[in-house]
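**Student:** Have a look at this one.
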Amino acid sequence: MGKSLQRFTLLVTTLLFLSGCWNQVELDKIAYVVAMGIDKEDDKIRITYLIVNPEYGTQPTGSSDVEPFAIFSFVADDLAIAKNIANTIVNKTVSYYILNQVLISEEIAQTDEFIHWLYDMTKITEVRKDLELIITKELAYDYLTKFNPALEKRPYKLFREMIRRNKESAFIPSNSELFYYLRITETDNDLYLAVYSTNEQDGVQKPSGDHRFHYDKEEIKVKGTTNKAQYLGSAVFKKGKMIGHLTEQETILSTILNENLRGDQNIYKSFTDPFNEQYTITTKMDILKKSSINLDLDKTPSTIDVEIPLTISVLTNHTMVDYYHDEKKRQELKKHIEDSLQKEFTQFIKRTQEEFKGEPFGWSLDARRHFRTNQQFEKFNWMESYPKMDVRVKVKVKFGSFGRQADVLDIRKVREKE
Amino acid sequence: MDKANYKIGTKEFVATMLLIIGISVSDDTSAILFQTMKNTAWMQPILSAIIIIIPLILLIKVVNVYKDKDMSEIIIHLFGKYIGSFTLFALWVLLTIRIIIESAIYTNIIETMFYSKTPPIVIYIFLMVVCGYIAIKGAVHITSIAWVVLPAIKISFLTSLLLTIGYGNLNFLFPILGPGEKVIMKESFLKASIYIDFLFLCFLLPYLKNRNVFQKASRIALPILIVELAIAFIIFLIFFDYSAAKLQNFPYHEILRYIHVGFLTNMESFFFPFWLMATFVRFSIYIYINLHIVRKVFKIERTEFLMPGLLALVILIGLIPDSPSFTLFNMKLHYFNILSPIFIVFPFLLWIVAYSKGDFKSG
């Protein structure tokens, strides 16, 4: 009696799944939007869809007339009505179910209205909060129409891998998903960083910009046949509105200073060689121990002492200095790296205090521990107090490996014999 | 209604308690707490439990004294025929209101988070019909179902929470005292009705193996519930931070929409059936207890014929609220605030009357 009852009850409970029938749509009737672009057009927004074709690549003969994806763009009042408007022309039901990139042109991100548009995202059930927000230098429409990858035709995989890989090198910020935009804007204590990208010929650097991107397309003089969209640097948001950029070097610094990141970074950074200014030394930086951030909020001005332990692997040695045997040379290199980094950190933090008047490292979270009640913390007003604080950064370098082969030949000896 | 002659044992009863009270982490109870208690919401299950421990002990004592009476008979014996019947009727009204509000909220969850194109009335009817059918089978069966599905539900719940590791930040729990001690104490008192199902479950006394089952089950279930609720709220806070947490209606389901296991991105479809099973157990028990009280108060023997009437009542009133997200939320908030003093005071009343009648002395 018990067993058949249970089985019957189980059967009956599956009745409830029938109520899903209303929502059921056949797979081949859905147009999946993988990337969406948002631009400003007059008082409305221009929405661009990158719709993937699930049938691409399923034919073994690889027929060349099946397109892997299609771009479709139109102007709408807001994101909610956009789907219905799109469906007057797109013949399959538009779905945001696997939407994972939203490209937003710089122009609209810098307006006060931007936050209003973006909050439409929270009202759409299909949207996943872990989608990436990418700020583009040009119009998102231009960005997407130029999108034409040669090697990897499936945009979904391509986008995800690109983002994942670049977050590893810390050239783009790590906590850049929609979820973080919403949370950071709502708590209003820190700045939010979004990924910055461009598909234009001349790279992310603006001619008028004074902070130099080192690996911008113009600097690295890109050539080649494949898709040249570049993800580099961050867009800085304060209270939901974009207020500036960080170069990729500054993004690296910001990632190091932010304790809350998930830490599978593979950061490479170059310094000038202390023994010969013509050369650069490239190092890999690992943060194996947690940085210590000490806040003293009772002093005026309040102080923040940050101590960052880095393990540095030296990967190039163009001056062929004998680091392997010479302890003094190693110390000199260590001091040089520590000083360079400290200088960069100090400059960067000064920039956040003076230009942005806020910090994108999540330090307000550490500050929270120093207060007993929410009211006390709000009275302190972290965002207002931060620019006045005295921030001191100390970098402690420990050497890791010197590459696969640590010892290099003595080039002077080799050249002497000539 | 019960054709079986075996009774509810401790483990089934514990499972029932864990499911029907534990499931409140997955609805808007947490959202209600985040509104007022902000980042100290995790303290509420602990503090409320401390507040209701004495009423609960008194309730158990009273119940243990009258070993051969069930809850409705105890009430009538203690308060007399007229006040007793009135009290029972009041309890019935409170339970019905609770069923209506909760079922409307759960229908809203299913509608907004999962099946947005389905008309809510259809979801409501399916939900109520399924729970009503299970309720007809009897309390013993419902509780044994609870025992059978408990591991599955708790494991899936635990897994979904474990998958949030690494996404949040412990610092969100600070400042540790949040809105201040006064607010914390006041809210813990007002929201003690999170545990009110203990009182309603007393009506299942005649089906328990023996009176000790209730005491033993409460002793096992309450600590587990405290830990479960507190940890769940902590995890919500660590994940969302209180400003975002108070904007969500259903934090647990939002989390389900965010986590992913490698390439499996939309995990909420996986956890949905388990959550549904817990929902069914909860409402089946509520409906069963509801009809049981009707049977005692109005002295009707075969209450299963009243089932369609009760379900229709619930569905029709549950669909009345205009914009469910706000109205139901507010209704539940106020309802909790009203229920808590009742839950705290009622066992005291029972105990005082029993004591003054001298029933404790005769044993």
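Quick note on naming: the chains in the structure tokens go A, B, ... in the order shown, residues restart at 1 in each chain, and ligands are numbered from 1 in order of appearance.
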Mind checking which residues fall within 8 Å of region 140-151 of chain A, counting only C-alpha atoms, ignoring those fewer than 2 positions away in the same chain, and posting them as a list in words?
**Tutor:** Gly37, Ile38, Asp39, Ile47, Thr48, Leu50, Ile71, Ser73, Leu103, Ile104, Ser105, Thr136, Glu138, Lys153, Thr198, Asn199, Glu200, Thr225, Thr226, Asn227 and Ala229 of chain A
**Student:** Output as a tab-separated table (two decimals) with all heavy atoms, in the first residue's frame the set of chain B residues within 9 Å of chain A, with distances taken over only C-alpha atoms.
**Tutor:**
```
chain	number	residue	atom	x	y	z
B	38	LYS	N	18.37	44.17	7.80
B	38	LYS	CA	19.50	44.36	6.91
B	38	LYS	C	20.56	43.27	7.10
B	38	LYS	O	20.28	42.10	6.95
B	38	LYS	CB	20.09	45.76	7.13
B	38	LYS	CG	19.03	46.84	7.02
B	38	LYS	CD	19.56	48.09	6.39
B	38	LYS	CE	18.43	49.03	6.08
B	38	LYS	NZ	18.03	49.90	7.14
B	39	ASN	N	21.78	43.67	7.43
B	39	ASN	CA	22.83	42.65	7.44
B	39	ASN	C	22.88	41.85	8.74
B	39	ASN	O	23.82	41.12	8.97
B	39	ASN	CB	24.20	43.27	7.14
B	39	ASN	CG	24.47	44.49	7.97
B	39	ASN	OD1	23.55	45.23	8.28
B	39	ASN	ND2	25.70	44.72	8.32
B	112	THR	N	6.84	33.96	-11.55
B	112	THR	CA	7.86	34.92	-11.99
B	112	THR	C	9.16	34.25	-12.33
B	112	THR	O	9.84	34.66	-13.25
B	112	THR	CB	8.17	35.98	-10.91
B	112	THR	OG1	8.15	35.35	-9.64
B	112	THR	CG2	7.21	37.11	-10.95
B	113	MET	N	9.54	33.23	-11.58
B	113	MET	CA	10.87	32.68	-11.80
B	113	MET	C	10.90	31.58	-12.84
B	113	MET	O	11.93	31.34	-13.45
B	113	MET	CB	11.42	32.13	-10.47
B	113	MET	CG	11.65	33.20	-9.45
B	113	MET	SD	13.32	33.70	-9.44
B	113	MET	CE	13.31	35.31	-9.91
B	114	PHE	N	9.80	30.88	-13.03
B	114	PHE	CA	9.88	29.73	-13.93
B	114	PHE	C	8.93	29.77	-15.11
B	114	PHE	O	9.35	29.73	-16.24
B	114	PHE	CB	9.67	28.44	-13.14
B	114	PHE	CG	10.75	28.20	-12.13
B	114	PHE	CD1	10.54	28.48	-10.79
B	114	PHE	CD2	11.99	27.74	-12.53
B	114	PHE	CE1	11.54	28.29	-9.86
B	114	PHE	CE2	12.99	27.54	-11.60
B	114	PHE	CZ	12.77	27.82	-10.26
B	115	TYR	N	7.67	29.82	-14.81
B	115	TYR	CA	6.72	29.70	-15.92
B	115	TYR	C	6.01	31.02	-16.14
B	115	TYR	O	4.88	31.20	-15.72
B	115	TYR	CB	5.69	28.61	-15.60
B	115	TYR	CG	6.29	27.24	-15.42
B	115	TYR	CD1	5.82	26.39	-14.42
B	115	TYR	CD2	7.30	26.78	-16.24
B	115	TYR	CE1	6.35	25.13	-14.27
B	115	TYR	CE2	7.84	25.52	-16.08
B	115	TYR	CZ	7.36	24.70	-15.10
B	115	TYR	OH	7.88	23.45	-14.94
B	116	SER	N	6.67	31.95	-16.80
B	116	SER	CA	6.08	33.28	-16.83
B	116	SER	C	4.89	33.41	-17.77
B	116	SER	O	4.11	34.33	-17.64
B	116	SER	CB	7.14	34.32	-17.20
B	116	SER	OG	8.02	33.79	-18.16
B	117	LYS	N	4.77	32.48	-18.73
B	117	LYS	CA	3.66	32.66	-19.65
B	117	LYS	C	2.38	31.99	-19.18
B	117	LYS	O	1.32	32.21	-19.72
B	117	LYS	CB	4.03	32.10	-21.04
B	117	LYS	CG	5.18	32.84	-21.67
B	117	LYS	CD	4.96	32.99	-23.16
B	117	LYS	CE	6.19	33.57	-23.82
B	117	LYS	NZ	7.29	32.57	-23.92
B	118	THR	N	2.51	31.14	-18.15
B	118	THR	CA	1.32	30.43	-17.69
B	118	THR	C	0.46	31.37	-16.86
B	118	THR	O	0.97	32.08	-16.01
B	118	THR	CB	1.75	29.25	-16.80
B	118	THR	OG1	2.83	28.59	-17.43
B	118	THR	CG2	0.62	28.30	-16.59
B	119	PRO	N	-0.86	31.35	-17.09
B	119	PRO	CA	-1.72	32.20	-16.25
B	119	PRO	C	-1.63	31.74	-14.80
B	119	PRO	O	-1.71	30.55	-14.53
B	119	PRO	CB	-3.13	31.93	-16.80
B	119	PRO	CG	-2.96	31.25	-18.09
B	119	PRO	CD	-1.61	30.64	-18.12
B	122	VAL	N	-3.90	29.02	-13.36
B	122	VAL	CA	-3.63	27.62	-13.71
B	122	VAL	C	-2.61	27.02	-12.74
B	122	VAL	O	-2.77	25.92	-12.24
B	122	VAL	CB	-3.12	27.53	-15.16
B	122	VAL	CG1	-2.68	26.11	-15.47
B	122	VAL	CG2	-4.20	27.97	-16.11
B	123	ILE	N	-1.54	27.78	-12.48
B	123	ILE	CA	-0.51	27.29	-11.55
B	123	ILE	C	-1.13	27.05	-10.18
B	123	ILE	O	-0.90	26.03	-9.53
B	123	ILE	CB	0.64	28.30	-11.42
B	123	ILE	CG1	1.29	28.56	-12.76
B	123	ILE	CG2	1.67	27.81	-10.43
B	123	ILE	CD1	2.40	29.56	-12.71
B	126	PHE	N	-3.34	23.90	-10.17
B	126	PHE	CA	-2.54	22.68	-10.17
B	126	PHE	C	-1.93	22.44	-8.80
B	126	PHE	O	-1.97	21.34	-8.25
B	126	PHE	CB	-1.41	22.77	-11.20
B	126	PHE	CG	-1.83	22.41	-12.59
B	126	PHE	CD1	-1.32	23.09	-13.67
B	126	PHE	CD2	-2.71	21.37	-12.83
B	126	PHE	CE1	-1.69	22.76	-14.96
B	126	PHE	CE2	-3.08	21.03	-14.11
B	126	PHE	CZ	-2.57	21.73	-15.18
B	127	LEU	N	-1.34	23.51	-8.25
B	127	LEU	CA	-0.67	23.39	-6.95
B	127	LEU	C	-1.64	22.91	-5.88
B	127	LEU	O	-1.39	21.97	-5.14
B	127	LEU	CB	-0.05	24.72	-6.57
B	127	LEU	CG	0.75	24.76	-5.26
B	127	LEU	CD1	1.99	23.92	-5.36
B	127	LEU	CD2	1.14	26.20	-4.92
B	130	VAL	N	-2.98	19.23	-6.43
B	130	VAL	CA	-1.98	18.23	-6.04
B	130	VAL	C	-1.88	18.13	-4.53
B	130	VAL	O	-1.92	17.03	-3.96
B	130	VAL	CB	-0.61	18.58	-6.66
B	130	VAL	CG1	0.48	17.73	-6.03
B	130	VAL	CG2	-0.63	18.37	-8.15
B	131	CYS	N	-1.77	19.27	-3.87
B	131	CYS	CA	-1.63	19.24	-2.41
B	131	CYS	C	-2.89	18.72	-1.74
B	131	CYS	O	-2.83	17.98	-0.76
B	131	CYS	CB	-1.29	20.63	-1.88
B	131	CYS	SG	0.30	21.20	-2.45
B	133	TYR	N	-4.97	16.57	-3.01
B	133	TYR	CA	-5.02	15.12	-3.21
B	133	TYR	C	-4.12	14.40	-2.22
B	133	TYR	O	-4.50	13.39	-1.62
B	133	TYR	CB	-4.62	14.77	-4.65
B	133	TYR	CG	-4.64	13.31	-4.88
B	133	TYR	CD1	-5.84	12.62	-5.04
B	133	TYR	CD2	-3.46	12.57	-4.86
B	133	TYR	CE1	-5.87	11.25	-5.21
B	133	TYR	CE2	-3.48	11.21	-5.02
B	133	TYR	CZ	-4.69	10.56	-5.20
B	133	TYR	OH	-4.71	9.20	-5.34
B	134	ILE	N	-2.91	14.94	-2.04
B	134	ILE	CA	-2.00	14.32	-1.08
B	134	ILE	C	-2.59	14.41	0.32
B	134	ILE	O	-2.48	13.49	1.13
B	134	ILE	CB	-0.62	14.98	-1.12
B	134	ILE	CG1	-0.02	14.90	-2.52
B	134	ILE	CG2	0.32	14.34	-0.13
B	134	ILE	CD1	1.33	15.55	-2.63
B	137	LYS	N	-4.99	11.73	1.49
B	137	LYS	CA	-4.41	10.44	1.87
B	137	LYS	C	-4.14	10.34	3.36
B	137	LYS	O	-4.01	9.25	3.89
B	137	LYS	CB	-3.10	10.22	1.11
B	137	LYS	CG	-3.29	10.01	-0.37
B	137	LYS	CD	-4.00	8.72	-0.63
B	137	LYS	CE	-4.48	8.63	-2.04
B	137	LYS	NZ	-5.38	7.51	-2.24
B	141	HIS	N	0.61	9.46	5.85
B	141	HIS	CA	1.26	9.31	4.55
B	141	HIS	C	2.09	10.53	4.20
B	141	HIS	O	3.18	10.41	3.66
B	141	HIS	CB	0.21	9.04	3.48
B	141	HIS	CG	-0.44	7.71	3.64
B	141	HIS	ND1	0.24	6.54	3.42
B	141	HIS	CD2	-1.68	7.38	4.02
B	141	HIS	CE1	-0.58	5.53	3.66
B	141	HIS	NE2	-1.75	6.00	4.03
B	145	ILE	N	6.02	10.52	3.43
B	145	ILE	CA	6.59	11.09	2.21
B	145	ILE	C	7.68	12.09	2.59
B	145	ILE	O	8.75	12.12	1.97
B	145	ILE	CB	5.52	11.82	1.38
B	145	ILE	CG1	4.53	10.84	0.80
B	145	ILE	CG2	6.17	12.61	0.25
B	145	ILE	CD1	3.43	11.53	0.03
B	166	GLY	N	32.92	31.31	-2.90
B	166	GLY	CA	33.86	32.01	-3.76
B	166	GLY	C	33.24	33.19	-4.46
B	166	GLY	O	33.92	34.01	-5.02
B	167	TYR	N	31.92	33.29	-4.41
B	167	TYR	CA	31.29	34.41	-5.11
B	167	TYR	C	31.08	35.61	-4.23
B	167	TYR	O	30.79	36.67	-4.70
B	167	TYR	CB	29.93	33.99	-5.65
B	167	TYR	CG	30.02	33.23	-6.94
B	167	TYR	CD1	29.73	31.88	-6.97
B	167	TYR	CD2	30.40	33.86	-8.10
B	167	TYR	CE1	29.81	31.18	-8.15
B	167	TYR	CE2	30.46	33.16	-9.28
B	167	TYR	CZ	30.18	31.83	-9.30
B	167	TYR	OH	30.24	31.12	-10.48
B	168	GLY	N	31.12	35.45	-2.97
B	168	GLY	CA	30.71	36.58	-2.14
B	168	GLY	C	31.84	37.07	-1.28
B	168	GLY	O	33.00	36.83	-1.55
B	169	ASN	N	31.49	37.76	-0.24
B	169	ASN	CA	32.50	38.35	0.61
B	169	ASN	C	31.98	38.41	2.03
B	169	ASN	O	30.92	38.96	2.28
B	169	ASN	CB	32.81	39.76	0.10
B	169	ASN	CG	34.09	40.26	0.67
B	169	ASN	OD1	34.29	40.25	1.88
B	169	ASN	ND2	34.97	40.68	-0.19
B	170	LEU	N	32.75	37.82	2.94
B	170	LEU	CA	32.34	37.80	4.36
B	170	LEU	C	32.11	39.19	4.91
B	170	LEU	O	31.33	39.39	5.83
B	170	LEU	CB	33.44	37.14	5.19
B	170	LEU	CG	33.17	35.73	5.66
B	170	LEU	CD1	34.33	35.25	6.49
B	170	LEU	CD2	31.91	35.67	6.50
B	171	ASN	N	32.83	40.16	4.34
B	171	ASN	CA	32.74	41.52	4.88
B	171	ASN	C	31.34	42.10	4.79
B	171	ASN	O	31.03	43.08	5.46
B	171	ASN	CB	33.71	42.45	4.15
B	171	ASN	CG	35.12	42.27	4.65
B	171	ASN	OD1	35.33	42.05	5.82
B	171	ASN	ND2	36.08	42.35	3.75
B	172	PHE	N	30.48	41.48	3.97
B	172	PHE	CA	29.13	42.01	3.87
B	172	PHE	C	28.34	41.85	5.15
B	172	PHE	O	27.30	42.48	5.31
B	172	PHE	CB	28.37	41.32	2.73
B	172	PHE	CG	28.91	41.66	1.39
B	172	PHE	CD1	28.98	40.70	0.42
B	172	PHE	CD2	29.34	42.93	1.11
B	172	PHE	CE1	29.47	41.00	-0.83
B	172	PHE	CE2	29.84	43.25	-0.14
B	172	PHE	CZ	29.90	42.27	-1.10
B	173	LEU	N	28.81	40.98	6.03
B	173	LEU	CA	28.08	40.81	7.28
B	173	LEU	C	28.32	41.98	8.22
B	173	LEU	O	27.61	42.17	9.19
B	173	LEU	CB	28.52	39.53	7.98
B	173	LEU	CG	28.18	38.24	7.26
B	173	LEU	CD1	28.75	37.06	8.00
B	173	LEU	CD2	26.67	38.08	7.17
B	174	PHE	N	29.38	42.78	7.92
B	174	PHE	CA	29.71	43.90	8.80
B	174	PHE	C	29.05	45.16	8.29
B	174	PHE	O	28.78	45.26	7.12
B	174	PHE	CB	31.23	44.07	8.84
B	174	PHE	CG	31.91	42.91	9.48
B	174	PHE	CD1	32.31	41.83	8.71
B	174	PHE	CD2	32.12	42.87	10.84
B	174	PHE	CE1	32.93	40.75	9.29
B	174	PHE	CE2	32.74	41.80	11.42
B	174	PHE	CZ	33.15	40.73	10.66
B	175	PRO	N	28.81	46.20	9.04
B	175	PRO	CA	29.00	46.32	10.48
B	175	PRO	C	28.14	45.31	11.22
B	175	PRO	O	27.00	45.09	10.88
B	175	PRO	CB	28.52	47.74	10.80
B	175	PRO	CG	28.57	48.45	9.51
B	175	PRO	CD	28.31	47.44	8.48
B	176	ILE	N	28.73	44.71	12.24
B	176	ILE	CA	28.15	43.51	12.82
B	176	ILE	C	26.81	43.74	13.47
B	176	ILE	O	25.94	42.87	13.48
B	176	ILE	CB	29.15	42.85	13.82
B	176	ILE	CG1	28.71	41.43	14.10
B	176	ILE	CG2	29.28	43.64	15.08
B	176	ILE	CD1	29.10	40.49	13.03
B	177	LEU	N	26.60	44.94	14.02
B	177	LEU	CA	25.32	45.14	14.68
B	177	LEU	C	24.29	45.76	13.76
B	177	LEU	O	23.19	46.07	14.19
B	177	LEU	CB	25.49	46.01	15.93
B	177	LEU	CG	26.12	45.27	17.10
B	177	LEU	CD1	26.19	46.18	18.31
B	177	LEU	CD2	25.28	44.05	17.45
B	178	GLY	N	24.66	45.95	12.50
B	178	GLY	CA	23.71	46.41	11.51
B	178	GLY	C	22.93	47.64	11.93
B	178	GLY	O	23.50	48.66	12.26
B	179	PRO	N	21.61	47.53	11.91
B	179	PRO	CA	20.79	48.71	12.22
B	179	PRO	C	20.72	49.05	13.71
B	179	PRO	O	20.02	49.96	14.09
B	179	PRO	CB	19.41	48.31	11.69
B	179	PRO	CG	19.41	46.85	11.64
B	179	PRO	CD	20.81	46.39	11.46
B	180	GLY	N	21.43	48.30	14.53
B	180	GLY	CA	21.39	48.65	15.96
B	180	GLY	C	20.69	47.60	16.79
B	180	GLY	O	19.84	46.86	16.30
B	181	GLU	N	21.04	47.51	18.07
B	181	GLU	CA	20.53	46.43	18.92
B	181	GLU	C	19.03	46.50	19.07
B	181	GLU	O	18.34	45.49	19.13
B	181	GLU	CB	21.16	46.48	20.32
B	181	GLU	CG	22.66	46.39	20.35
B	181	GLU	CD	23.32	47.77	20.30
B	181	GLU	OE1	22.66	48.74	19.90
B	181	GLU	OE2	24.50	47.83	20.66
B	240	PHE	N	24.86	38.56	-1.68
B	240	PHE	CA	24.22	39.74	-2.23
B	240	PHE	C	24.61	41.06	-1.59
B	240	PHE	O	24.50	42.09	-2.22
B	240	PHE	CB	22.70	39.64	-2.06
B	240	PHE	CG	22.06	38.68	-2.98
B	240	PHE	CD1	21.42	37.56	-2.51
B	240	PHE	CD2	22.07	38.91	-4.34
B	240	PHE	CE1	20.82	36.68	-3.37
B	240	PHE	CE2	21.46	38.05	-5.20
B	240	PHE	CZ	20.83	36.91	-4.71
B	241	ASP	N	24.97	41.06	-0.31
B	241	ASP	CA	25.13	42.34	0.40
B	241	ASP	C	23.73	42.92	0.64
B	241	ASP	O	22.87	42.84	-0.23
B	241	ASP	CB	25.96	43.32	-0.41
B	241	ASP	CG	26.49	44.43	0.48
B	241	ASP	OD1	26.23	44.37	1.69
B	241	ASP	OD2	27.17	45.33	-0.03
B	242	TYR	N	23.54	43.54	1.77
B	242	TYR	CA	22.16	43.79	2.18
B	242	TYR	C	21.40	44.74	1.28
B	242	TYR	O	20.20	44.63	1.13
B	242	TYR	CB	22.08	44.25	3.64
B	242	TYR	CG	22.65	45.62	3.90
B	242	TYR	CD1	21.87	46.76	3.77
B	242	TYR	CD2	23.97	45.78	4.31
B	242	TYR	CE1	22.39	48.01	4.01
B	242	TYR	CE2	24.48	47.02	4.55
B	242	TYR	CZ	23.70	48.14	4.40
B	242	TYR	OH	24.22	49.37	4.66
B	243	SER	N	22.08	45.69	0.65
B	243	SER	CA	21.31	46.62	-0.18
B	243	SER	C	20.70	45.92	-1.37
B	243	SER	O	19.59	46.24	-1.77
B	243	SER	CB	22.13	47.79	-0.70
B	243	SER	OG	23.38	47.79	-0.12
B	244	ALA	N	21.46	44.96	-1.96
B	244	ALA	CA	20.88	44.23	-3.08
B	244	ALA	C	19.90	43.19	-2.58
B	244	ALA	O	18.90	42.94	-3.22
B	244	ALA	CB	21.98	43.58	-3.90
B	254	GLU	N	17.10	33.77	-6.90
B	254	GLU	CA	18.06	34.59	-7.64
B	254	GLU	C	19.43	33.93	-7.65
B	254	GLU	O	20.13	33.93	-8.64
B	254	GLU	CB	18.19	35.98	-6.97
B	254	GLU	CG	17.02	36.88	-7.23
B	254	GLU	CD	17.01	37.44	-8.64
B	254	GLU	OE1	18.06	37.42	-9.29
B	254	GLU	OE2	15.94	37.86	-9.09
B	257	ARG	N	19.69	31.30	-10.16
B	257	ARG	CA	19.86	31.79	-11.52
B	257	ARG	C	21.26	32.26	-11.79
B	257	ARG	O	21.58	32.60	-12.91
B	257	ARG	CB	18.90	32.97	-11.76
B	257	ARG	CG	17.52	32.52	-11.94
B	257	ARG	CD	16.73	33.44	-12.86
B	257	ARG	NE	15.80	32.63	-13.58
B	257	ARG	CZ	15.82	32.43	-14.88
B	257	ARG	NH1	16.71	33.04	-15.61
B	257	ARG	NH2	14.95	31.65	-15.44
B	258	TYR	N	22.09	32.36	-10.76
B	258	TYR	CA	23.43	32.91	-10.97
B	258	TYR	C	24.49	31.83	-11.04
B	258	TYR	O	25.44	31.91	-11.79
B	258	TYR	CB	23.75	33.89	-9.84
B	258	TYR	CG	25.04	34.62	-10.05
B	258	TYR	CD1	25.08	35.77	-10.81
B	258	TYR	CD2	26.22	34.14	-9.51
B	258	TYR	CE1	26.27	36.44	-11.02
B	258	TYR	CE2	27.41	34.81	-9.72
B	258	TYR	CZ	27.43	35.96	-10.47
B	258	TYR	OH	28.60	36.62	-10.66
B	259	ILE	N	24.32	30.78	-10.20
B	259	ILE	CA	25.41	29.81	-10.09
B	259	ILE	C	25.47	28.93	-11.34
B	259	ILE	O	24.50	28.76	-12.04
B	259	ILE	CB	25.23	28.91	-8.86
B	259	ILE	CG1	23.88	28.20	-8.92
B	259	ILE	CG2	25.35	29.70	-7.60
B	259	ILE	CD1	23.62	27.32	-7.74
B	265	THR	N	25.00	26.01	-17.32
B	265	THR	CA	24.78	27.35	-16.82
B	265	THR	C	23.45	27.54	-16.11
B	265	THR	O	23.39	28.20	-15.09
B	265	THR	CB	24.86	28.38	-17.96
B	265	THR	OG1	24.14	27.87	-19.07
B	265	THR	CG2	26.29	28.62	-18.35
B	266	ASN	N	22.38	26.99	-16.64
B	266	ASN	CA	21.11	27.30	-16.02
B	266	ASN	C	20.69	26.21	-15.05
B	266	ASN	O	19.91	25.33	-15.37
B	266	ASN	CB	20.04	27.50	-17.10
B	266	ASN	CG	20.33	28.71	-17.95
B	266	ASN	OD1	21.36	28.77	-18.59
B	266	ASN	ND2	19.45	29.67	-17.94
B	276	LEU	N	9.92	21.97	-5.45
B	276	LEU	CA	8.50	21.69	-5.60
B	276	LEU	C	8.03	20.61	-4.64
B	276	LEU	O	6.96	20.72	-4.04
B	276	LEU	CB	8.22	21.21	-7.03
B	276	LEU	CG	7.77	22.23	-8.06
B	276	LEU	CD1	7.37	21.51	-9.31
B	276	LEU	CD2	6.61	23.05	-7.54
B	277	MET	N	8.84	19.57	-4.49
B	277	MET	CA	8.43	18.49	-3.58
B	277	MET	C	8.26	19.01	-2.17
B	277	MET	O	7.30	18.67	-1.48
B	277	MET	CB	9.47	17.36	-3.61
B	277	MET	CG	9.38	16.51	-4.85
B	277	MET	SD	10.21	14.95	-4.64
B	277	MET	CE	11.86	15.39	-5.09
B	280	PHE	N	5.04	20.86	-1.93
B	280	PHE	CA	3.87	19.99	-1.85
B	280	PHE	C	3.67	19.47	-0.45
B	280	PHE	O	2.57	19.48	0.09
B	280	PHE	CB	4.02	18.79	-2.80
B	280	PHE	CG	3.98	19.16	-4.24
B	280	PHE	CD1	4.63	18.40	-5.18
B	280	PHE	CD2	3.28	20.28	-4.67
B	280	PHE	CE1	4.60	18.73	-6.51
B	280	PHE	CE2	3.25	20.62	-6.00
B	280	PHE	CZ	3.92	19.85	-6.93
```
**Student:** Determine, counting only C-alpha atoms, which protein, DNA and RNA residues have an atom within 9 Å of an atom of Asp190 (chain A); residues of the same chain fewer than 5 positions away are not included. Present the result as an mmCIF file with C-alpha atoms, in the first residue's frame.
**Tutor:**
```cif
data_model
loop_
_atom_site.group_PDB
_atom_site.id
_atom_site.type_symbol
_atom_site.label_atom_id
_atom_site.label_comp_id
_atom_site.auth_asym_id
_atom_site.auth_seq_id
_atom_site.Cartn_x
_atom_site.Cartn_y
_atom_site.Cartn_z
ATOM 1 C CA ILE A 184 28.346 48.100 -6.224
ATOM 2 C CA THR A 185 25.985 50.802 -7.437
ATOM 3 C CA LYS A 238 30.689 55.837 -10.223
ATOM 4 C CA LYS A 239 27.093 55.726 -9.026
ATOM 5 C CA GLY A 358 36.532 56.802 -5.193
ATOM 6 C CA GLU A 359 38.267 53.460 -5.233
ATOM 7 C CA PRO A 360 37.531 50.396 -7.355
ATOM 8 C CA PHE A 361 39.250 47.935 -5.003
ATOM 9 C CA GLY A 362 36.463 47.120 -2.600
ATOM 10 C CA TRP A 363 38.281 48.603 0.378
ATOM 11 C CA SER A 364 35.003 49.803 1.850
ATOM 12 C CA TRP A 382 33.315 56.005 2.745
ATOM 13 C CA MET A 383 32.988 57.471 -0.734
#
```
**Student:** Considering only C-alpha atoms, return as a VMD selection string whatever protein or nucleic-acid residues lie within 6 Å of Val33 (chain A), sequence-local ones (same chain, fewer than 2 positions apart) excluded.
**Tutor:** chain A and resid 35 50 to 51 96 99
**Student:** Which residues, written as number ranges by chain, have at least one atom at most 12 Å from region 309-316 of chain B, with only C-alpha atoms counted and residues fewer than 5 positions away on the same chain left out?
**Tutor:** B: 92-93, 95-105, 107, 120-133, 135, 283-284, 286-288, 290-291, 294, 303-304, 321
